[in-house]
Amino acid sequence: MAKLTQRALEAVRADQSGAILREEGNLFGRVRAKSDGKVAVSFYYRYRFDGKSRDFSCGTWPTDSLATIRSTRDAARTKVAAGIDPSVEKKIVRHERQEEAAAKLAAMEVQRATALTVQDMFDAWIRDGVRRKDGNAELLRQFGVSALPKIGTIAVKDLTEHDLRAVLRSLVERGVNRSSVILHSNLTQLFAWARKRQPWRKLLVEGDPMELIEIEKIVSPDYDMDTFRDRVLSDAEVTELHGIFMRRQAEYDAAPNRRVVAQPLEPVTRHAIWIMLSTLTRVGETSMARWDHVDLENGEWFIPKANVKGNVSDLTIFLSAFALEQFKQLHAVSGDTAWCFPSRDGKHHIDVKSFTKQIRDRQSQFRRNKDGSPAPPMKNRVHDNTLILAGGLTGPWTSHDLRRTGATMMQRLGVSIEVIDRCQNHVLGGSKVRRHYLHHDYADEKREAWRVLGEHLSRLISSP
């Protein structure tokens, strides 16, 4: 049987597709016509092994030359003579190569995982592990300012309790113990989420470093971990506060040069203070109020549960004459926007921390550094003592103290604790069975509670 030649292969036509070419040494070639009309010949070596006829692929012309194809055939023939099945050996080699490739990919994946940083873990947590009411805005701000600049580039596997403790201690050294406590809580939640999931679980194989940190030993010794406030404004202080508002506004209006006198609290903020005091609402619920939720004609204010802390439930507030008057005056200022307390551009509500900051900035004598020295003025912020009450003897007051003050006034005016709880939209205690069957809405009782509180406040601010 003659040997095949390059010229003979070049002479094969497309219409010969399927034809078998033969050469000595049990080398066969099957003609194949490609879609573009070109011809290819797939060669195989036919041999017998264990009494069976088998074919071993030797290559394809013209991709492989005849010399290479014959060399492959000769190597296979040698193995057959030595009692080795070349087809089986080829499968074993291919399998080994696949295993080797898989091992390399696994090694690359391990290498990639071990290089994951705290920033990577935080990004995954923000994307899939946590959903706060503000869209995680505060978490992004807090970690972006206080944590990630210090530990964000550290590989998770290399992170230690000492790295985390240094982050928390840096906040305490700045005198913001409360921020350190909050960040400690958020870091604890981040690592609790991560240690249950891959790939973070493998990277935390030596344990959760947050479990080794005792925040009580990091904050200042004089810091109250309970942060329990019981500040309640007295009737005299409420009267005094109203007097401060009136006096400061009158002095500002009468000043020949308003650039040299202290600017009074904005009317919008004054209305917010009286509304929070007379309705027992939180500062966030107040800040996010919309005009389409306020019915000035019927004296009702609807607060959707999306605006309520913990998304407890919707709340309808029956406005007293006092609270209704505050909303009417406020409407004259911001009624052309969708928000009762709009941002500067009017496209959104005011920042939920705005009222708190304005009240705190005007009690600057209570702002202290860690060493007890007076804190310096903050850039672009007011720094005076115009809202200090009772000469400062009763300490500073906050926006949330207004809610506590209004509730205490209700209690003193004879409103039952049960009704006060409902006015504050608290989660009520008792068994699930009780909550399931008792559905009286206490609307009349709540309306009366807000009415007596409003009348009391009206008497206080009309006092000399």
# chains A, B, ... in the order shown; residues from 1 in each chain; ligands from 1
$ residues_around --residues "Lys305 (chain A)" --least-positions-apart "6" --cutoff "9 Å" --atoms "only C-alpha atoms" --output "count of residues only"
5
$ residues_around --residues "Leu233 (chain A)" --least-positions-apart "5" --cutoff "10 Å" --atoms "only C-alpha atoms" --output "PyMOL selection string"
chain A and resi 238-239+241+389-390+394+397-398+401-402+404-406+408-409
$ write_last_selection --atoms "C-alpha atoms" --output "compact mmCIF listing (two decimals), in the first residue's frame"
# COMPACT_ATOMS: atom_id res chain seq x y z
CA VAL A 238 -41.17 76.02 78.61
CA THR A 239 -42.32 79.55 79.41
CA LEU A 241 -38.06 79.07 76.06
CA LEU A 389 -32.65 77.26 80.22
CA ALA A 390 -32.76 77.90 83.97
CA THR A 394 -30.74 71.77 84.91
CA TRP A 397 -31.84 69.79 76.68
CA THR A 398 -32.31 68.00 73.38
CA ASP A 401 -36.38 65.62 75.59
CA LEU A 402 -39.39 67.46 74.13
CA ARG A 404 -40.42 63.03 77.10
CA THR A 405 -41.54 66.42 78.43
CA GLY A 406 -44.86 66.31 76.57
CA THR A 408 -44.72 63.78 81.40
CA MET A 409 -47.04 66.77 81.13
$ atom_distance --atom1 "CA of Leu387 (chain A)" --atom2 "CA of Arg362 (chain A)"
5.4 Å
$ residues_around --residues "region 375-383 of chain A" --least-positions-apart "3" --cutoff "6 Å" --atoms "only C-alpha atoms" --output "PyMOL selection string"
chain A and resi 361-362+364+367-369
$ atom_distance --atom1 "CA of Val219 (chain A)" --atom2 "CA of Arg174 (chain A)"
10.9 Å
$ select_by_dssp --residues "region 51-227 of chain A" --states "strand (DSSP E or B)" --output "PyMOL selection string"
chain A and resi 52-61+117+155
$ closest_residue --among "A:Lys90, A:Arg451, A:Arg403, A:Arg131" --to "Arg231 (chain A)" --atoms "only C-alpha atoms"
A:Arg403
$ select_by_dssp --residues "region 108-149 of chain A" --states "helix (DSSP H, G or I)" --output "JSON, numbers by chain"
{"A": [108, 109, 110, 111, 112, 113, 114, 118, 119, 120, 121, 122, 123, 124, 125, 126, 127, 128, 129, 137, 138, 139, 140, 141, 142, 143, 144, 145, 146, 147, 148, 149]}
$ residues_around --residues "Phe28 (chain A)" --least-positions-apart "5" --cutoff "9 Å" --atoms "only C-alpha atoms" --output "list in words"
Ile20, Leu21, Arg22, Glu23, Ser42, Phe43, Tyr44, Tyr45 and Arg46 of chain A
$ residues_around --residues "region 153-161 of chain A" --least-positions-apart "2" --cutoff "7 Å" --atoms "only C-alpha atoms" --output "NGL selection string"
:A and (114-119 or 151 or 163-165 or 203-204 or 209-210 or 212-213)
$ residues_around --residues "region 325-334 of chain A" --least-positions-apart "3" --cutoff "9 Å" --atoms "only C-alpha atoms" --output "ChimeraX atom specification"
/A:267-268,271-272,274-275,291,294,296,320-322,337-342,346
$ write_last_selection --atoms "N, CA and C atoms" --output "PDB file, in the first residue's frame"
ATOM      1  N   PRO A 267     -37.640  80.472  62.248  1.00  0.00           N
ATOM      2  CA  PRO A 267     -39.052  80.223  62.577  1.00  0.00           C
ATOM      3  C   PRO A 267     -39.459  78.769  62.336  1.00  0.00           C
ATOM      4  N   VAL A 268     -38.933  78.165  61.262  1.00  0.00           N
ATOM      5  CA  VAL A 268     -39.281  76.775  60.964  1.00  0.00           C
ATOM      6  C   VAL A 268     -38.857  75.862  62.111  1.00  0.00           C
ATOM      7  N   HIS A 271     -41.178  76.329  65.137  1.00  0.00           N
ATOM      8  CA  HIS A 271     -42.436  75.596  64.958  1.00  0.00           C
ATOM      9  C   HIS A 271     -42.215  74.100  65.193  1.00  0.00           C
ATOM     10  N   ALA A 272     -41.085  73.586  64.730  1.00  0.00           N
ATOM     11  CA  ALA A 272     -40.786  72.166  64.922  1.00  0.00           C
ATOM     12  C   ALA A 272     -40.700  71.824  66.408  1.00  0.00           C
ATOM     13  N   TRP A 274     -42.204  73.331  68.964  1.00  0.00           N
ATOM     14  CA  TRP A 274     -43.540  73.332  69.580  1.00  0.00           C
ATOM     15  C   TRP A 274     -44.371  72.145  69.093  1.00  0.00           C
ATOM     16  N   ILE A 275     -44.178  71.748  67.832  1.00  0.00           N
ATOM     17  CA  ILE A 275     -44.925  70.602  67.303  1.00  0.00           C
ATOM     18  C   ILE A 275     -44.472  69.312  67.998  1.00  0.00           C
ATOM     19  N   TRP A 291     -46.878  67.834  53.532  1.00  0.00           N
ATOM     20  CA  TRP A 291     -48.122  68.606  53.613  1.00  0.00           C
ATOM     21  C   TRP A 291     -49.324  67.777  53.174  1.00  0.00           C
ATOM     22  N   VAL A 294     -50.905  66.290  56.172  1.00  0.00           N
ATOM     23  CA  VAL A 294     -51.432  67.190  57.205  1.00  0.00           C
ATOM     24  C   VAL A 294     -52.763  67.759  56.722  1.00  0.00           C
ATOM     25  N   LEU A 296     -55.197  70.383  57.537  1.00  0.00           N
ATOM     26  CA  LEU A 296     -55.373  71.594  58.348  1.00  0.00           C
ATOM     27  C   LEU A 296     -56.853  71.852  58.642  1.00  0.00           C
ATOM     28  N   SER A 320     -54.144  69.365  68.494  1.00  0.00           N
ATOM     29  CA  SER A 320     -54.794  70.314  69.394  1.00  0.00           C
ATOM     30  C   SER A 320     -54.807  71.676  68.726  1.00  0.00           C
ATOM     31  N   ALA A 321     -55.553  72.598  69.290  1.00  0.00           N
ATOM     32  CA  ALA A 321     -55.584  73.960  68.736  1.00  0.00           C
ATOM     33  C   ALA A 321     -54.179  74.548  68.720  1.00  0.00           C
ATOM     34  N   PHE A 322     -53.407  74.240  69.768  1.00  0.00           N
ATOM     35  CA  PHE A 322     -52.028  74.739  69.854  1.00  0.00           C
ATOM     36  C   PHE A 322     -51.179  74.193  68.703  1.00  0.00           C
ATOM     37  N   THR A 337     -44.100  73.992  49.125  1.00  0.00           N
ATOM     38  CA  THR A 337     -43.311  72.795  48.842  1.00  0.00           C
ATOM     39  C   THR A 337     -44.097  71.563  49.293  1.00  0.00           C
ATOM     40  N   ALA A 338     -43.585  70.400  48.973  1.00  0.00           N
ATOM     41  CA  ALA A 338     -44.248  69.156  49.383  1.00  0.00           C
ATOM     42  C   ALA A 338     -43.979  68.837  50.840  1.00  0.00           C
ATOM     43  N   TRP A 339     -42.923  69.440  51.394  1.00  0.00           N
ATOM     44  CA  TRP A 339     -42.470  69.091  52.736  1.00  0.00           C
ATOM     45  C   TRP A 339     -42.796  70.185  53.736  1.00  0.00           C
ATOM     46  N   CYS A 340     -43.191  69.781  54.928  1.00  0.00           N
ATOM     47  CA  CYS A 340     -43.435  70.768  55.986  1.00  0.00           C
ATOM     48  C   CYS A 340     -42.136  71.440  56.396  1.00  0.00           C
ATOM     49  N   PHE A 341     -41.059  70.651  56.388  1.00  0.00           N
ATOM     50  CA  PHE A 341     -39.739  71.181  56.750  1.00  0.00           C
ATOM     51  C   PHE A 341     -38.788  70.873  55.601  1.00  0.00           C
ATOM     52  N   PRO A 342     -38.833  71.671  54.550  1.00  0.00           N
ATOM     53  CA  PRO A 342     -38.068  71.354  53.334  1.00  0.00           C
ATOM     54  C   PRO A 342     -36.580  71.649  53.489  1.00  0.00           C
ATOM     55  N   GLY A 346     -35.730  72.728  48.535  1.00  0.00           N
ATOM     56  CA  GLY A 346     -37.152  72.413  48.528  1.00  0.00           C
ATOM     57  C   GLY A 346     -37.509  71.083  47.898  1.00  0.00           C
TER      58      GLY A 346
END
$ atom_distance --atom1 "CA of Ala11 (chain A)" --atom2 "CA of Arg54 (chain A)"
28.7 Å
$ residues_around --residues "Gly284 (chain A)" --least-positions-apart "5" --cutoff "9 Å" --atoms "only C-alpha atoms" --output "VMD selection string"
chain A and resid 289 307 to 309 351 to 353
